Amino acid sequence: DFLALAVPGVQKLSPYVPGKPVDELARELNLDPAGIVKLASNENPLGPSPRALEAIRAELGDITRYPDGSGYKLKAKLAARFGLDPAQITLGNGSNDILDLVARAWLAPGLNAVFSQYAFAVYPISTQAVGAEGRAVPAKDYGHDLEAMLAAIDANTRVVFVANPNNPTGTWFGPDALESFLSRVPAHVLVVLDEAYIEFTEGGELPNGLDYLARYPNLLVSRTLCKAYGLAGLRVGYSASSAQVADVLNRVRQPFNVNSLALVAACAALDDEAYLAEGRRVNKAGMAQLEAGLAALGLKWIPSRGNFLAVDFGVDAAPINQGLLQRGVIVRPVAGYGMPTFLRVSIGTEAENARFLEALAQVLGRG
Ligand code: PMP
């Protein structure tokens, strides 16, 4: 029994369940994959930036070579953009990789990481995989209870994970709450501020974690090119931190953790401001469209600053999810997060959102 032989923390984990693949559902329903709407993984509905595609094509001839293991160009670009030193940037195979590097560098049996109830599923995975204790602190109105998280920190805490906005709830906190939190986290604890969705937010309502790096050497801000920049399939993310924290991460990082296509595509995507702006516009319009549609169906949702909404049906959402699947619409059940009455829907194009709302109305018998 190899589960029984696994380290204790791993025995208690359940596998991460991604949204159902489009091809699989298409086969089951005997439909063309083009007829399936996937709003399950908070991806960018615009498809990749044409500039990123061009960069990938140009790089294809070189894939017999290992990628640049130092990620020199991408780090230089990110550093210049944010007014940081390249030594403060760490690149990851998606920002999940960054979370994993943090756990491998600072967590072990006898140590713990603090995060929120309804926090991103990878925090407990990375924490328990290295035998450390994951402390899930009860949420407040589905969001982070930062005061309770501070109170959960003890001498054996090495990491506190906070996502702003949070997935799967979409909840967020403002600059004052972040400042108050950071100023009270003890110096032996690394704060991982996960800003996977920050590019979807506007106007200073949410703090920009990078602005706090100079004053808080125990802060690491993780970000990704997989959401607003549309490169989920390539897996590329990064963190910004003190150079010392980055140096530690670099010691546990796999030598070529970011592939060569991802490196060039990320550089090109970062230059495509128009793509980012269009994504933000589509997201804002789609959020309003979904909110209006959900309200018309008499449904409730958690207000969100991400590119997704957690919809509360007030009853077990599994049959509703099944009904949506039968109509070719893939969303994300979040029962695994302890939210069995919710489904999380990513914001898509206008047409995709309309398909989702139409299918939902049918499933609920309100169509
Ligand atoms: N953090 C949060 C809060 C997320 O929702 C996600 C994506 N689901 C990630 C990190 C990881 O994103 P990626 O590895 O694709 O960069």
# chains A, B, ... in the order shown; residues from 1 in each chain; ligands from 1

$ residues_around --residues "segment 26-36 of chain A" --least-positions-apart "4" --cutoff "10 Å" --atoms "only C-alpha atoms" --output "PDB file with N, CA and C atoms, in the first residue's frame"
ATOM      1  N   PRO A  21     -11.560  18.162 -19.055  1.00  0.00           N
ATOM      2  CA  PRO A  21     -11.002  18.578 -20.349  1.00  0.00           C
ATOM      3  C   PRO A  21     -12.097  18.685 -21.422  1.00  0.00           C
ATOM      4  N   VAL A  22     -11.953  19.671 -22.286  1.00  0.00           N
ATOM      5  CA  VAL A  22     -12.932  19.926 -23.344  1.00  0.00           C
ATOM      6  C   VAL A  22     -13.107  18.693 -24.243  1.00  0.00           C
ATOM      7  N   LEU A 325     -22.793  20.284 -17.491  1.00  0.00           N
ATOM      8  CA  LEU A 325     -21.919  19.431 -18.316  1.00  0.00           C
ATOM      9  C   LEU A 325     -22.716  18.811 -19.463  1.00  0.00           C
ATOM     10  N   GLN A 326     -23.932  18.342 -19.132  1.00  0.00           N
ATOM     11  CA  GLN A 326     -24.767  17.729 -20.174  1.00  0.00           C
ATOM     12  C   GLN A 326     -25.095  18.718 -21.287  1.00  0.00           C
ATOM     13  N   ARG A 327     -25.049  19.997 -20.947  1.00  0.00           N
ATOM     14  CA  ARG A 327     -25.305  21.043 -21.960  1.00  0.00           C
ATOM     15  C   ARG A 327     -24.007  21.612 -22.522  1.00  0.00           C
ATOM     16  N   GLY A 328     -22.900  20.918 -22.260  1.00  0.00           N
ATOM     17  CA  GLY A 328     -21.632  21.315 -22.866  1.00  0.00           C
ATOM     18  C   GLY A 328     -20.947  22.499 -22.199  1.00  0.00           C
ATOM     19  N   VAL A 329     -21.281  22.752 -20.940  1.00  0.00           N
ATOM     20  CA  VAL A 329     -20.680  23.883 -20.229  1.00  0.00           C
ATOM     21  C   VAL A 329     -19.877  23.364 -19.029  1.00  0.00           C
ATOM     22  N   ILE A 330     -18.586  23.673 -19.034  1.00  0.00           N
ATOM     23  CA  ILE A 330     -17.710  23.211 -17.963  1.00  0.00           C
ATOM     24  C   ILE A 330     -17.406  24.365 -17.018  1.00  0.00           C
ATOM     25  N   GLU A 352     -19.692  33.224 -24.629  1.00  0.00           N
ATOM     26  CA  GLU A 352     -19.524  32.121 -23.671  1.00  0.00           C
ATOM     27  C   GLU A 352     -20.351  32.364 -22.407  1.00  0.00           C
ATOM     28  N   ARG A 355     -23.928  31.611 -23.167  1.00  0.00           N
ATOM     29  CA  ARG A 355     -24.168  30.158 -23.216  1.00  0.00           C
ATOM     30  C   ARG A 355     -24.299  29.588 -21.810  1.00  0.00           C
TER      31      ARG A 355
END

$ residues_near_ligand --ligand "ligand 1" --cutoff "10 Å" --atoms "only C-alpha atoms and all ligand atoms" --output "PyMOL selection string"
chain A and resi 18+40-43+92-99+119-123+161-170+193-198+222-227+230-238+306-308

$ select_by_dssp --residues "segment 139-307 of chain A" --states "strand (DSSP E)" --output "JSON, numbers by chain"
{"A": [157, 158, 159, 160, 161, 162, 163, 190, 191, 192, 193, 194, 219, 220, 221, 222, 223, 224, 237, 238, 239, 240, 300, 301, 302]}

$ write_last_selection --atoms "C-alpha atoms" --output "mmCIF file, in the first residue's frame"
data_model
loop_
_atom_site.group_PDB
_atom_site.id
_atom_site.type_symbol
_atom_site.label_atom_id
_atom_site.label_comp_id
_atom_site.auth_asym_id
_atom_site.auth_seq_id
_atom_site.Cartn_x
_atom_site.Cartn_y
_atom_site.Cartn_z
ATOM 1 C CA THR A 157 5.429 29.223 11.485
ATOM 2 C CA ARG A 158 7.708 29.919 8.551
ATOM 3 C CA VAL A 159 5.248 30.914 5.818
ATOM 4 C CA VAL A 160 1.893 32.657 5.606
ATOM 5 C CA PHE A 161 0.080 32.460 2.272
ATOM 6 C CA VAL A 162 -2.354 35.254 1.402
ATOM 7 C CA ALA A 163 -4.010 35.639 -1.983
ATOM 8 C CA LEU A 190 7.798 34.827 5.045
ATOM 9 C CA VAL A 191 4.601 36.406 3.703
ATOM 10 C CA VAL A 192 3.680 34.977 0.298
ATOM 11 C CA LEU A 193 1.336 37.527 -1.251
ATOM 12 C CA ASP A 194 -0.226 35.648 -4.158
ATOM 13 C CA LEU A 219 7.531 39.717 1.725
ATOM 14 C CA LEU A 220 7.391 37.697 -1.483
ATOM 15 C CA VAL A 221 4.907 38.673 -4.190
ATOM 16 C CA SER A 222 4.000 35.882 -6.605
ATOM 17 C CA ARG A 223 2.455 36.570 -9.990
ATOM 18 C CA THR A 224 1.728 34.712 -13.178
ATOM 19 C CA GLY A 237 5.027 32.710 -13.324
ATOM 20 C CA TYR A 238 7.429 34.711 -11.203
ATOM 21 C CA SER A 239 8.020 36.203 -7.799
ATOM 22 C CA ALA A 240 9.508 39.436 -6.581
ATOM 23 C CA LYS A 300 -26.376 34.833 -5.090
ATOM 24 C CA TRP A 301 -22.613 35.084 -5.613
ATOM 25 C CA ILE A 302 -19.589 36.325 -3.738
#

$ closest_residue --among "A:Arg65, A:Lys38, A:Arg51, A:Lys12" --to "Tyr275 of chain A" --atoms "only C-alpha atoms"
A:Arg51

$ residues_around --residues "Phe2 of chain A" --least-positions-apart "4" --cutoff "10 Å" --atoms "only C-alpha atoms" --output "list in words"
Ala6, Val7 and Gln11 of chain A

$ atom_distance --atom1 "atom CA of Ala295 of chain A" --atom2 "atom CA of Ile347 of chain A"
15.6 Å

$ closest_residue --among "A:Pro186, A:Pro67, A:Pro319, A:Gly83" --to "Val264 of chain A" --atoms "only C-alpha atoms"
A:Pro67

$ select_by_dssp --residues "segment 105-351 of chain A" --states "helix (DSSP H, G or I)" --output "PyMOL selection string"
chain A and resi 105-106+122-129+146-152+175-182+198-200+209-212+232-234+243-252+260-271+273-296+318-326+335-337+350-351

$ closest_residue --among "A:Gly19, A:Pro45, A:Gly71, A:Pro340" --to "Ala266 of chain A" --atoms "only C-alpha atoms"
A:Gly71

$ atom_distance --atom1 "atom CA of Val245 of chain A" --atom2 "atom CA of Pro8 of chain A"
28.1 Å

$ closest_residue --among "A:Gln117, A:Asn259, A:Thr201, A:Ser183" --to "Ala277 of chain A" --atoms "only C-alpha atoms"
A:Thr201

$ atom_distance --atom1 "atom CA of Phe181 of chain A" --atom2 "atom CA of Phe342 of chain A"
29.1 Å

$ closest_residue --among "A:Asp154, A:Asp211, A:Glu199, A:Asp141" --to "Pro175 of chain A" --atoms "only C-alpha atoms"
A:Asp211

$ residues_around --residues "Thr349 of chain A" --least-positions-apart "6" --cutoff "8 Å" --atoms "only C-alpha atoms" --output "ChimeraX atom specification"
/A:45-46,282,286
